[in-house]
$ cat run11.cif   # mmCIF, C-alpha atoms
data_query
#
loop_
_atom_site.group_PDB
_atom_site.id
_atom_site.type_symbol
_atom_site.label_atom_id
_atom_site.label_comp_id
_atom_site.auth_asym_id
_atom_site.auth_seq_id
_atom_site.Cartn_x
_atom_site.Cartn_y
_atom_site.Cartn_z
ATOM 1 C CA MET A 170 3.343 -19.860 27.044
ATOM 2 C CA SER A 171 4.922 -17.632 29.683
ATOM 3 C CA ASP A 172 5.258 -19.068 33.181
ATOM 4 C CA ARG A 173 5.541 -15.603 34.771
ATOM 5 C CA THR A 174 3.122 -14.974 37.626
ATOM 6 C CA TYR A 175 1.399 -11.622 38.025
ATOM 7 C CA ALA A 176 0.021 -9.831 41.094
ATOM 8 C CA ILE A 177 -2.456 -7.007 40.506
ATOM 9 C CA LEU A 178 -2.465 -4.499 43.373
ATOM 10 C CA GLY A 179 -5.630 -2.541 42.737
ATOM 11 C CA THR A 180 -8.342 -4.342 40.777
ATOM 12 C CA GLY A 181 -10.150 -1.270 39.523
ATOM 13 C CA ALA A 182 -10.891 0.065 36.057
ATOM 14 C CA LEU A 183 -7.234 -0.203 35.037
ATOM 15 C CA GLY A 184 -5.777 -3.058 37.075
ATOM 16 C CA GLY A 185 -8.891 -5.162 36.691
ATOM 17 C CA PHE A 186 -8.933 -4.702 32.921
ATOM 18 C CA TYR A 187 -5.266 -5.517 32.313
ATOM 19 C CA GLY A 188 -5.196 -8.340 34.874
ATOM 20 C CA ALA A 189 -8.304 -9.926 33.390
ATOM 21 C CA ARG A 190 -6.832 -9.734 29.891
ATOM 22 C CA LEU A 191 -3.634 -11.416 31.114
ATOM 23 C CA GLN A 192 -5.562 -14.239 32.786
ATOM 24 C CA ASN A 193 -7.825 -14.616 29.762
ATOM 25 C CA ALA A 194 -4.649 -15.153 27.707
ATOM 26 C CA GLY A 195 -3.616 -18.023 29.992
ATOM 27 C CA LEU A 196 -1.287 -16.324 32.474
ATOM 28 C CA ASP A 197 -1.311 -16.977 36.223
ATOM 29 C CA VAL A 198 -2.740 -13.802 37.785
ATOM 30 C CA HIS A 199 -3.559 -12.928 41.412
ATOM 31 C CA PHE A 200 -5.851 -10.002 42.239
ATOM 32 C CA LEU A 201 -5.930 -7.790 45.338
ATOM 33 C CA LEU A 202 -9.434 -6.415 45.901
ATOM 34 C CA ARG A 203 -11.247 -4.420 48.531
ATOM 35 C CA SER A 204 -15.007 -4.021 48.800
ATOM 36 C CA ASP A 205 -15.867 -6.514 46.067
ATOM 37 C CA ARG A 206 -13.452 -9.280 47.071
ATOM 38 C CA HIS A 207 -16.228 -11.687 48.160
ATOM 39 C CA HIS A 208 -18.340 -10.931 45.098
ATOM 40 C CA VAL A 209 -15.401 -11.622 42.768
ATOM 41 C CA SER A 210 -14.434 -14.776 44.675
ATOM 42 C CA LYS A 211 -17.949 -16.075 44.082
ATOM 43 C CA HIS A 212 -18.821 -14.694 40.640
ATOM 44 C CA GLY A 213 -15.493 -13.857 38.976
ATOM 45 C CA LEU A 214 -14.715 -10.845 36.791
ATOM 46 C CA VAL A 215 -16.826 -9.507 33.938
ATOM 47 C CA VAL A 216 -15.228 -7.379 31.215
ATOM 48 C CA GLU A 217 -17.284 -5.518 28.645
ATOM 49 C CA SER A 218 -14.910 -4.331 25.946
ATOM 50 C CA LYS A 219 -14.956 -2.776 22.521
ATOM 51 C CA ASP A 220 -12.546 -5.587 21.633
ATOM 52 C CA GLY A 221 -14.954 -8.301 22.792
ATOM 53 C CA ASP A 222 -16.707 -9.126 26.065
ATOM 54 C CA PHE A 223 -15.561 -11.979 28.285
ATOM 55 C CA THR A 224 -16.077 -13.383 31.759
ATOM 56 C CA LEU A 225 -13.564 -15.032 34.078
ATOM 57 C CA PRO A 226 -15.791 -17.225 36.264
ATOM 58 C CA LYS A 227 -12.933 -18.107 38.588
ATOM 59 C CA VAL A 228 -10.115 -15.804 39.686
ATOM 60 C CA ASN A 229 -7.502 -15.748 42.443
ATOM 61 C CA ALA A 230 -9.009 -13.024 44.655
ATOM 62 C CA TYR A 231 -7.476 -11.755 47.903
ATOM 63 C CA GLY A 232 -8.453 -9.161 50.472
ATOM 64 C CA ASP A 233 -4.954 -8.651 51.869
ATOM 65 C CA ALA A 234 -1.561 -8.628 50.147
ATOM 66 C CA SER A 235 -0.125 -10.836 52.887
ATOM 67 C CA GLU A 236 -2.423 -13.642 51.677
ATOM 68 C CA MET A 237 -1.078 -13.509 48.126
ATOM 69 C CA PRO A 238 1.712 -15.719 46.770
ATOM 70 C CA ARG A 239 5.004 -14.103 45.812
ATOM 71 C CA CYS A 240 4.886 -13.210 42.123
ATOM 72 C CA ASP A 241 7.359 -12.473 39.338
ATOM 73 C CA VAL A 242 5.661 -9.229 38.276
ATOM 74 C CA VAL A 243 3.781 -7.030 40.735
ATOM 75 C CA VAL A 244 1.536 -4.575 38.901
ATOM 76 C CA VAL A 245 0.866 -1.457 40.981
ATOM 77 C CA ALA A 246 -2.514 -0.209 39.740
ATOM 78 C CA LEU A 247 -3.613 1.589 42.910
ATOM 79 C CA LYS A 248 -4.369 5.286 42.805
ATOM 80 C CA THR A 249 -1.305 7.226 43.966
ATOM 81 C CA THR A 250 -3.347 8.479 46.935
ATOM 82 C CA GLN A 251 -3.007 4.921 48.308
ATOM 83 C CA ASN A 252 0.761 4.624 47.905
ATOM 84 C CA HIS A 253 1.226 4.831 51.671
ATOM 85 C CA LEU A 254 0.025 1.199 51.713
ATOM 86 C CA LEU A 255 2.831 -0.047 49.465
ATOM 87 C CA PRO A 256 5.631 -0.385 52.076
ATOM 88 C CA LYS A 257 3.557 -3.108 53.710
ATOM 89 C CA MET A 258 2.214 -4.675 50.511
ATOM 90 C CA LEU A 259 5.177 -4.961 48.173
ATOM 91 C CA PRO A 260 7.687 -6.939 50.275
ATOM 92 C CA SER A 261 5.157 -9.692 50.948
ATOM 93 C CA VAL A 262 4.005 -10.240 47.365
ATOM 94 C CA MET A 263 7.193 -9.746 45.331
ATOM 95 C CA LYS A 264 9.728 -12.493 44.591
ATOM 96 C CA ASP A 265 13.354 -11.753 45.419
ATOM 97 C CA ASP A 266 14.148 -11.589 41.691
ATOM 98 C CA GLY A 267 10.791 -10.036 40.798
ATOM 99 C CA VAL A 268 9.942 -6.684 39.271
ATOM 100 C CA VAL A 269 7.376 -3.990 40.023
ATOM 101 C CA LEU A 270 5.449 -2.666 37.030
ATOM 102 C CA VAL A 271 4.108 0.773 38.013
ATOM 103 C CA LEU A 272 0.917 1.582 36.079
ATOM 104 C CA GLN A 273 0.136 4.902 37.750
ATOM 105 C CA ASN A 274 -0.360 8.473 36.625
ATOM 106 C CA GLY A 275 1.869 11.404 37.419
ATOM 107 C CA LEU A 276 5.533 12.153 37.948
ATOM 108 C CA GLY A 277 7.907 10.759 40.585
ATOM 109 C CA VAL A 278 5.891 7.657 41.413
ATOM 110 C CA GLU A 279 8.789 5.293 40.743
ATOM 111 C CA ASP A 280 11.034 7.316 43.080
ATOM 112 C CA GLU A 281 8.737 6.476 45.995
ATOM 113 C CA ILE A 282 8.578 2.783 45.152
ATOM 114 C CA ALA A 283 12.367 2.592 44.741
ATOM 115 C CA LYS A 284 12.657 3.419 48.442
ATOM 116 C CA ILE A 285 10.731 0.206 49.182
ATOM 117 C CA VAL A 286 12.104 -2.348 46.696
ATOM 118 C CA GLY A 287 15.358 -0.814 45.453
ATOM 119 C CA ASN A 288 16.307 0.944 42.257
ATOM 120 C CA GLN A 289 16.866 -2.078 40.024
ATOM 121 C CA LYS A 290 13.441 -3.688 40.366
ATOM 122 C CA ILE A 291 11.126 -1.129 38.784
ATOM 123 C CA ILE A 292 9.585 -0.678 35.353
ATOM 124 C CA GLY A 293 7.229 2.216 34.702
ATOM 125 C CA GLY A 294 4.164 1.997 32.497
ATOM 126 C CA LEU A 295 2.025 4.751 30.963
ATOM 127 C CA CYS A 296 -1.483 3.586 30.084
ATOM 128 C CA PHE A 297 -3.677 5.252 27.493
ATOM 129 C CA LEU A 298 -6.934 3.592 28.476
ATOM 130 C CA CYS A 299 -10.591 4.554 28.690
ATOM 131 C CA SER A 300 -12.093 2.131 31.180
ATOM 132 C CA ASN A 301 -14.530 2.336 34.098
ATOM 133 C CA LYS A 302 -15.467 0.000 36.932
ATOM 134 C CA VAL A 303 -19.263 0.001 36.761
ATOM 135 C CA GLY A 304 -20.083 -2.526 39.494
ATOM 136 C CA PRO A 305 -18.556 -5.216 41.724
ATOM 137 C CA GLY A 306 -16.158 -7.200 39.560
ATOM 138 C CA HIS A 307 -17.570 -5.486 36.455
ATOM 139 C CA ILE A 308 -15.287 -3.462 34.161
ATOM 140 C CA ARG A 309 -16.373 -1.573 31.056
ATOM 141 C CA HIS A 310 -13.590 -0.888 28.540
ATOM 142 C CA LEU A 311 -14.603 1.965 26.242
ATOM 143 C CA ASP A 312 -11.557 2.762 24.124
ATOM 144 C CA TYR A 313 -7.813 2.470 23.552
ATOM 145 C CA GLY A 314 -5.666 0.437 25.963
ATOM 146 C CA GLN A 315 -2.028 0.640 24.874
ATOM 147 C CA ILE A 316 0.817 0.859 27.399
ATOM 148 C CA THR A 317 4.224 2.530 27.042
ATOM 149 C CA VAL A 318 6.815 0.699 29.158
ATOM 150 C CA GLY A 319 10.243 1.922 30.285
ATOM 151 C CA GLU A 320 12.969 1.023 32.768
ATOM 152 C CA TYR A 321 13.326 3.254 35.820
ATOM 153 C CA SER A 322 16.721 4.771 36.587
ATOM 154 C CA THR A 323 17.554 6.829 39.662
ATOM 155 C CA ASN A 324 19.086 9.671 37.660
ATOM 156 C CA HIS A 325 16.143 9.630 35.234
ATOM 157 C CA GLN A 326 18.456 9.090 32.292
ATOM 158 C CA PRO A 327 17.341 6.901 29.369
ATOM 159 C CA ALA A 328 17.916 3.270 30.391
ATOM 160 C CA GLY A 329 17.444 1.567 27.033
ATOM 161 C CA VAL A 330 15.231 -1.389 26.165
ATOM 162 C CA THR A 331 15.941 -4.421 28.358
ATOM 163 C CA ASP A 332 15.144 -8.113 28.054
ATOM 164 C CA ARG A 333 12.704 -8.013 30.949
ATOM 165 C CA MET A 334 10.813 -5.170 29.276
ATOM 166 C CA ARG A 335 10.527 -7.302 26.154
ATOM 167 C CA GLN A 336 9.397 -10.341 28.159
ATOM 168 C CA ILE A 337 6.696 -8.481 30.058
ATOM 169 C CA GLY A 338 5.708 -6.696 26.871
ATOM 170 C CA SER A 339 5.283 -10.032 25.103
ATOM 171 C CA ASP A 340 2.907 -11.217 27.856
ATOM 172 C CA PHE A 341 0.716 -8.143 27.396
ATOM 173 C CA GLU A 342 0.819 -8.430 23.620
ATOM 174 C CA ARG A 343 -0.305 -12.038 23.942
ATOM 175 C CA ALA A 344 -3.228 -10.679 25.932
ATOM 176 C CA GLY A 345 -4.112 -8.309 23.092
ATOM 177 C CA ILE A 346 -2.612 -5.172 24.645
ATOM 178 C CA ALA A 347 -0.513 -2.948 22.385
ATOM 179 C CA ILE A 348 2.879 -2.235 23.953
ATOM 180 C CA GLU A 349 5.464 0.416 23.141
ATOM 181 C CA LEU A 350 8.933 -0.034 24.641
ATOM 182 C CA THR A 351 10.594 3.298 25.382
ATOM 183 C CA GLU A 352 14.241 3.935 26.173
ATOM 184 C CA ASP A 353 13.312 7.063 28.170
ATOM 185 C CA LEU A 354 10.722 6.642 30.931
ATOM 186 C CA LEU A 355 10.886 10.294 32.047
ATOM 187 C CA LEU A 356 10.033 11.438 28.528
ATOM 188 C CA GLY A 357 7.143 8.988 28.505
ATOM 189 C CA ARG A 358 5.806 10.364 31.793
ATOM 190 C CA TRP A 359 5.900 13.960 30.530
ATOM 191 C CA GLN A 360 4.157 12.850 27.336
ATOM 192 C CA LYS A 361 1.376 11.221 29.349
ATOM 193 C CA LEU A 362 0.964 14.443 31.338
ATOM 194 C CA ILE A 363 0.131 16.231 28.079
ATOM 195 C CA TRP A 364 -3.183 14.362 28.194
ATOM 196 C CA ASN A 365 -3.623 13.934 31.940
ATOM 197 C CA ILE A 366 -3.131 17.518 33.063
ATOM 198 C CA PRO A 367 -5.683 19.281 30.846
ATOM 199 C CA TYR A 368 -8.368 16.612 30.659
ATOM 200 C CA ASN A 369 -8.291 15.293 34.228
ATOM 201 C CA GLY A 370 -7.936 18.763 35.725
ATOM 202 C CA LEU A 371 -10.488 20.592 33.599
ATOM 203 C CA SER A 372 -13.006 17.755 33.830
ATOM 204 C CA VAL A 373 -13.185 18.378 37.583
ATOM 205 C CA VAL A 374 -12.948 22.173 37.621
ATOM 206 C CA LEU A 375 -15.437 22.627 34.750
ATOM 207 C CA ASN A 376 -17.620 19.565 35.454
ATOM 208 C CA ALA A 377 -17.152 18.294 31.902
ATOM 209 C CA THR A 378 -16.513 15.134 29.918
ATOM 210 C CA THR A 379 -13.768 14.918 27.299
ATOM 211 C CA ASP A 380 -16.147 15.440 24.383
ATOM 212 C CA GLU A 381 -17.597 18.561 26.016
ATOM 213 C CA LEU A 382 -14.117 20.017 26.522
ATOM 214 C CA MET A 383 -13.294 19.425 22.856
ATOM 215 C CA ALA A 384 -16.623 20.707 21.489
ATOM 216 C CA ASN A 385 -16.316 24.219 22.958
ATOM 217 C CA VAL A 386 -13.908 26.614 21.227
ATOM 218 C CA HIS A 387 -12.796 28.209 24.515
ATOM 219 C CA THR A 388 -12.125 25.007 26.450
ATOM 220 C CA ARG A 389 -10.404 23.431 23.469
ATOM 221 C CA ALA A 390 -8.074 26.448 23.321
ATOM 222 C CA LEU A 391 -7.440 26.088 27.061
ATOM 223 C CA VAL A 392 -6.657 22.377 26.634
ATOM 224 C CA GLU A 393 -4.044 23.220 24.018
ATOM 225 C CA GLN A 394 -2.550 26.016 26.139
ATOM 226 C CA LEU A 395 -2.148 23.612 29.070
ATOM 227 C CA MET A 396 -0.564 21.042 26.775
ATOM 228 C CA ARG A 397 1.977 23.612 25.652
ATOM 229 C CA GLU A 398 2.841 24.385 29.274
ATOM 230 C CA VAL A 399 3.478 20.667 29.851
ATOM 231 C CA VAL A 400 5.844 20.759 26.863
ATOM 232 C CA ALA A 401 7.635 23.708 28.492
ATOM 233 C CA GLY A 402 7.885 21.774 31.757
ATOM 234 C CA ALA A 403 9.349 18.781 29.954
ATOM 235 C CA LYS A 404 11.858 21.020 28.165
ATOM 236 C CA SER A 405 13.010 22.435 31.490
ATOM 237 C CA CYS A 406 13.819 18.823 32.464
ATOM 238 C CA ASP A 407 15.718 18.274 29.192
ATOM 239 C CA ARG A 408 12.934 16.341 27.483
ATOM 240 C CA ILE A 409 11.789 17.602 24.089
ATOM 241 C CA ILE A 410 8.225 16.886 22.942
ATOM 242 C CA ALA A 411 7.339 17.795 19.366
ATOM 243 C CA ASP A 412 4.273 19.856 18.479
ATOM 244 C CA SER A 413 3.046 16.857 16.498
ATOM 245 C CA PHE A 414 2.554 14.990 19.785
ATOM 246 C CA ILE A 415 0.119 17.667 20.977
ATOM 247 C CA GLN A 416 -1.870 17.259 17.772
ATOM 248 C CA LYS A 417 -1.793 13.489 18.221
ATOM 249 C CA MET A 418 -3.341 13.791 21.710
ATOM 250 C CA LEU A 419 -5.974 16.240 20.457
ATOM 251 C CA ASP A 420 -6.874 13.879 17.615
ATOM 252 C CA TYR A 421 -7.023 10.876 19.979
ATOM 253 C CA THR A 422 -9.441 12.741 22.210
ATOM 254 C CA LEU A 423 -11.605 13.963 19.331
ATOM 255 C CA ASN A 424 -11.961 10.359 18.155
ATOM 256 C CA MET A 425 -12.493 8.999 21.662
ATOM 257 C CA LYS A 426 -15.897 7.981 22.911
ATOM 258 C CA PRO A 427 -17.298 10.526 25.411
ATOM 259 C CA TYR A 428 -15.365 9.867 28.598
ATOM 260 C CA ARG A 429 -15.608 10.881 32.226
ATOM 261 C CA THR A 430 -11.991 10.960 33.370
ATOM 262 C CA SER A 431 -10.680 8.961 36.319
ATOM 263 C CA MET A 432 -10.162 12.151 38.339
ATOM 264 C CA LYS A 433 -13.732 13.280 37.639
ATOM 265 C CA ILE A 434 -15.045 9.893 38.781
ATOM 266 C CA ASP A 435 -12.960 10.138 41.954
ATOM 267 C CA TYR A 436 -14.298 13.642 42.575
ATOM 268 C CA ASP A 437 -17.911 12.608 41.971
ATOM 269 C CA GLU A 438 -17.466 9.616 44.292
ATOM 270 C CA LYS A 439 -15.834 11.887 46.918
ATOM 271 C CA ARG A 440 -12.551 10.013 46.826
ATOM 272 C CA PRO A 441 -9.158 11.748 47.255
ATOM 273 C CA LEU A 442 -7.773 13.201 44.023
ATOM 274 C CA GLU A 443 -4.321 12.443 42.581
ATOM 275 C CA VAL A 444 -3.444 16.136 42.588
ATOM 276 C CA GLU A 445 0.098 15.937 43.933
ATOM 277 C CA LYS A 446 1.510 13.296 41.598
ATOM 278 C CA MET A 447 -0.292 14.597 38.517
ATOM 279 C CA PHE A 448 0.040 18.354 39.090
ATOM 280 C CA GLY A 449 2.191 19.139 42.130
ATOM 281 C CA ASN A 450 5.212 17.020 41.197
ATOM 282 C CA PRO A 451 5.466 18.331 37.604
ATOM 283 C CA LEU A 452 5.133 21.908 38.873
ATOM 284 C CA ARG A 453 7.898 21.348 41.445
ATOM 285 C CA ALA A 454 10.167 19.618 38.916
ATOM 286 C CA ALA A 455 9.782 22.512 36.480
ATOM 287 C CA LYS A 456 10.292 25.117 39.215
ATOM 288 C CA ASP A 457 13.481 23.367 40.391
ATOM 289 C CA ALA A 458 14.699 23.638 36.787
ATOM 290 C CA GLY A 459 13.846 27.356 36.658
ATOM 291 C CA ALA A 460 10.543 27.183 34.763
ATOM 292 C CA GLU A 461 7.163 28.594 35.786
ATOM 293 C CA LEU A 462 3.947 26.990 34.514
ATOM 294 C CA PRO A 463 1.288 29.555 35.528
ATOM 295 C CA GLN A 464 -1.829 27.984 34.012
ATOM 296 C CA ILE A 465 -1.022 24.558 35.425
ATOM 297 C CA ALA A 466 -0.304 26.222 38.782
ATOM 298 C CA THR A 467 -3.758 27.839 38.695
ATOM 299 C CA LEU A 468 -5.383 24.498 37.899
ATOM 300 C CA TYR A 469 -3.403 22.869 40.724
ATOM 301 C CA GLN A 470 -4.604 25.442 43.249
ATOM 302 C CA GLN A 471 -8.218 25.064 42.117
ATOM 303 C CA LEU A 472 -8.012 21.283 42.422
ATOM 304 C CA LYS A 473 -6.459 21.496 45.895
ATOM 305 C CA PHE A 474 -9.403 23.638 47.002
ATOM 306 C CA LEU A 475 -12.005 21.323 45.459
ATOM 307 C CA ASP A 476 -10.288 18.218 46.855
ATOM 308 C CA ALA A 477 -10.227 19.672 50.377
ATOM 309 C CA LYS A 478 -13.835 20.828 50.110
ATOM 310 C CA ASN A 479 -14.888 17.397 48.838
ATOM 311 C CA SER A 480 -13.070 15.655 51.690
ATOM 312 C CA SER A 481 -14.638 17.904 54.331
ATOM 313 C CA SER A 482 -18.133 17.088 53.015
ATOM 314 C CA ILE A 483 -17.717 13.321 53.478
ATOM 315 C CA GLY A 484 -20.085 12.068 56.139
#
$ encode --input "run11.cif" --output "structure tokens"
Amino acid sequence: MSDRTYAILGTGALGGFYGARLQNAGLDVHFLLRSDRHHVSKHGLVVESKDGDFTLPKVNAYGDASEMPRCDVVVVALKTTQNHLLPKMLPSVMKDDGVVLVLQNGLGVEDEIAKIVGNQKIIGGLCFLCSNKVGPGHIRHLDYGQITVGEYSTNHQPAGVTDRMRQIGSDFERAGIAIELTEDLLLGRWQKLIWNIPYNGLSVVLNATTDELMANVHTRALVEQLMREVVAGAKSCDRIIADSFIQKMLDYTLNMKPYRTSMKIDYDEKRPLEVEKMFGNPLRAAKDAGAELPQIATLYQQLKFLDAKNSSSIG
């Protein structure tokens, strides 16, 4: 049994699910919560999952990162719109020889965190997970769940597969989470954008779930066009993604249970959208490399408008 300790910063649909699975497998896990901290302290965490339901009646729940013990692995599962909180959080909860596992969407997220903890302490993770938080301390896992893990390097060059990747990967596999170890984190991030950009963006702009986007001939064509623009963006950054990967993502989504994306949930709940990391950063990276991605740029501009309009309507 691993003696690694885990801190989960952001106990939502993603962080709560993975953290609960790790604790259920016998690992020592500490959870940072917000509004439902007292509920979870009293009642624990409930996970409904296609792989089997379970309840953790007792968890280590905290309302402030400064209250948490220093841990070997700090899992950043916050939305990227909350990354301004990390300079205060990370130093207090991370061991001197610890590592940050970044389970966030978008491009360039590790670059920001490297400014806080240094370049050598970061592993990136790309999650393909359909999960929602449906109540205080209550997570509903609908489908999939695998994570692709890769070492961060400042020059974004492939960093190989390291021992610490294998060790962390073995903890997740023990918890029933499929893990893929990649030598090239930047390639992995562009591959994840092939799903995130069309489905998250269009779900908000068109007020649609994934199954609705796939069922209509016009929106399905638009999904594929956006995917091909992501491939062009990746190519401009010297990362080649095969056409077969596009088909793989289309097939995954066709076989997926009807899903309201995380960005659509944020929009419906009038929370800030992860537009910059998921759309703005890839657009800027491609433009710096001499590539224009016009359909993604249109989607980005639409989302910026909707996000601002949503924010102005709060209260």
$ resolve_selection --input "run11.cif" --expression "the PyMOL selection byres ((chain A and resi 296) around 7)" --output "PyMOL selection string"
chain A and resi 272+294-295+297-298+314-317
$ residues_around --input "run11.cif" --residues "range 273-284 of chain A" --least-positions-apart "5" --cutoff "6 Å" --atoms "all atoms listed in the file" --output "JSON, numbers by chain"
{"A": [446, 447, 450]}
$ write_last_selection --input "run11.cif" --atoms "C-alpha atoms" --output "PDB file, in the coordinates of the input"
ATOM      1  CA  LYS A 446       1.510  13.296  41.598  1.00  0.00           C
ATOM      2  CA  MET A 447      -0.292  14.597  38.517  1.00  0.00           C
ATOM      3  CA  ASN A 450       5.212  17.020  41.197  1.00  0.00           C
TER       4      ASN A 450
END
$ resolve_selection --input "run11.cif" --expression "the PyMOL selection byres ((chain A and resi 288) around 12)" --output "PyMOL selection string"
chain A and resi 268-269+279-287+289-293+320-325
$ write_last_selection --input "run11.cif" --atoms "C-alpha atoms" --output "mmCIF file, in the coordinates of the input"
data_model
loop_
_atom_site.group_PDB
_atom_site.id
_atom_site.type_symbol
_atom_site.label_atom_id
_atom_site.label_comp_id
_atom_site.auth_asym_id
_atom_site.auth_seq_id
_atom_site.Cartn_x
_atom_site.Cartn_y
_atom_site.Cartn_z
ATOM 1 C CA VAL A 268 9.942 -6.684 39.271
ATOM 2 C CA VAL A 269 7.376 -3.990 40.023
ATOM 3 C CA GLU A 279 8.789 5.293 40.743
ATOM 4 C CA ASP A 280 11.034 7.316 43.080
ATOM 5 C CA GLU A 281 8.737 6.476 45.995
ATOM 6 C CA ILE A 282 8.578 2.783 45.152
ATOM 7 C CA ALA A 283 12.367 2.592 44.741
ATOM 8 C CA LYS A 284 12.657 3.419 48.442
ATOM 9 C CA ILE A 285 10.731 0.206 49.182
ATOM 10 C CA VAL A 286 12.104 -2.348 46.696
ATOM 11 C CA GLY A 287 15.358 -0.814 45.453
ATOM 12 C CA GLN A 289 16.866 -2.078 40.024
ATOM 13 C CA LYS A 290 13.441 -3.688 40.366
ATOM 14 C CA ILE A 291 11.126 -1.129 38.784
ATOM 15 C CA ILE A 292 9.585 -0.678 35.353
ATOM 16 C CA GLY A 293 7.229 2.216 34.702
ATOM 17 C CA GLU A 320 12.969 1.023 32.768
ATOM 18 C CA TYR A 321 13.326 3.254 35.820
ATOM 19 C CA SER A 322 16.721 4.771 36.587
ATOM 20 C CA THR A 323 17.554 6.829 39.662
ATOM 21 C CA ASN A 324 19.086 9.671 37.660
ATOM 22 C CA HIS A 325 16.143 9.630 35.234
#
$ residues_near_point --input "run11.cif" --point "(-2.1, -2.0, 42.2)" --cutoff "10 Å" --atoms "all atoms listed in the file" --output "list in words"
Ala176, Ile177, Leu178, Gly179, Thr180, Gly181, Leu183, Gly184, Gly185, Phe200, Leu201, Leu202, Val243, Val244, Val245, Ala246, Leu247, Lys248, Thr249, Gln251, Asn252, Leu255, Met258, Leu259, Val269, Leu270, Val271, Leu272 and Gln273 of chain A
$ resolve_selection --input "run11.cif" --expression "the PyMOL selection byres ((chain A and resi 351-354) around 8)" --output "NGL selection string"
:A and (293 or 317-321 or 325-330 or 349-350 or 355-358)
$ atom_distance --input "run11.cif" --atom1 "CA of Arg309 in chain A" --atom2 "CA of Ser218 in chain A"
6.0 Å
$ residues_around --input "run11.cif" --residues "Arg429 in chain A" --least-positions-apart "4" --cutoff "7 Å" --atoms "all atoms listed in the file" --output "short mmCIF file (atom, residue, chain, number, x, y, z; two decimals) with C-alpha atoms, keeping the file's coordinate frame"
data_model
loop_
_atom_site.label_atom_id
_atom_site.label_comp_id
_atom_site.auth_asym_id
_atom_site.auth_seq_id
_atom_site.Cartn_x
_atom_site.Cartn_y
_atom_site.Cartn_z
CA THR A 378 -16.51 15.13 29.92
CA THR A 379 -13.77 14.92 27.30
CA LYS A 433 -13.73 13.28 37.64
CA ILE A 434 -15.04 9.89 38.78
#
$ residues_around --input "run11.cif" --residues "range 457-472 of chain A" --least-positions-apart "3" --cutoff "8 Å" --atoms "only C-alpha atoms" --output "list in words"
Ile366, Gly370, Leu371, Val373, Val374, Leu395, Glu398, Val399, Ala401, Gly402, Ser405, Cys406, Val444, Phe448, Gly449, Leu452, Arg453, Ala454, Leu475 and Asp476 of chain A
$ write_last_selection --input "run11.cif" --atoms "C-alpha atoms" --output "tab-separated table (two decimals), in the frame of the given file"
chain	number	residue	atom	x	y	z
A	366	ILE	CA	-3.13	17.52	33.06
A	370	GLY	CA	-7.94	18.76	35.72
A	371	LEU	CA	-10.49	20.59	33.60
A	373	VAL	CA	-13.18	18.38	37.58
A	374	VAL	CA	-12.95	22.17	37.62
A	395	LEU	CA	-2.15	23.61	29.07
A	398	GLU	CA	2.84	24.38	29.27
A	399	VAL	CA	3.48	20.67	29.85
A	401	ALA	CA	7.64	23.71	28.49
A	402	GLY	CA	7.88	21.77	31.76
A	405	SER	CA	13.01	22.44	31.49
A	406	CYS	CA	13.82	18.82	32.46
A	444	VAL	CA	-3.44	16.14	42.59
A	448	PHE	CA	0.04	18.35	39.09
A	449	GLY	CA	2.19	19.14	42.13
A	452	LEU	CA	5.13	21.91	38.87
A	453	ARG	CA	7.90	21.35	41.44
A	454	ALA	CA	10.17	19.62	38.92
A	475	LEU	CA	-12.00	21.32	45.46
A	476	ASP	CA	-10.29	18.22	46.86
$ closest_residue --input "run11.cif" --among "A:Leu382, A:Ile363, A:Met425, A:Cys240" --to "Arg397 in chain A" --atoms "only C-alpha atoms"
A:Ile363
$ atom_distance --input "run11.cif" --atom1 "CA of Asn385 in chain A" --atom2 "CA of Leu423 in chain A"
11.9 Å
$ atom_distance --input "run11.cif" --atom1 "CA of Ser235 in chain A" --atom2 "CA of Ala344 in chain A"
27.1 Å
$ closest_residue --input "run11.cif" --among "A:Met432, A:Ala347, A:Ala411, A:Ala230" --to "Arg203 in chain A" --atoms "all atoms listed in the file"
A:Ala230
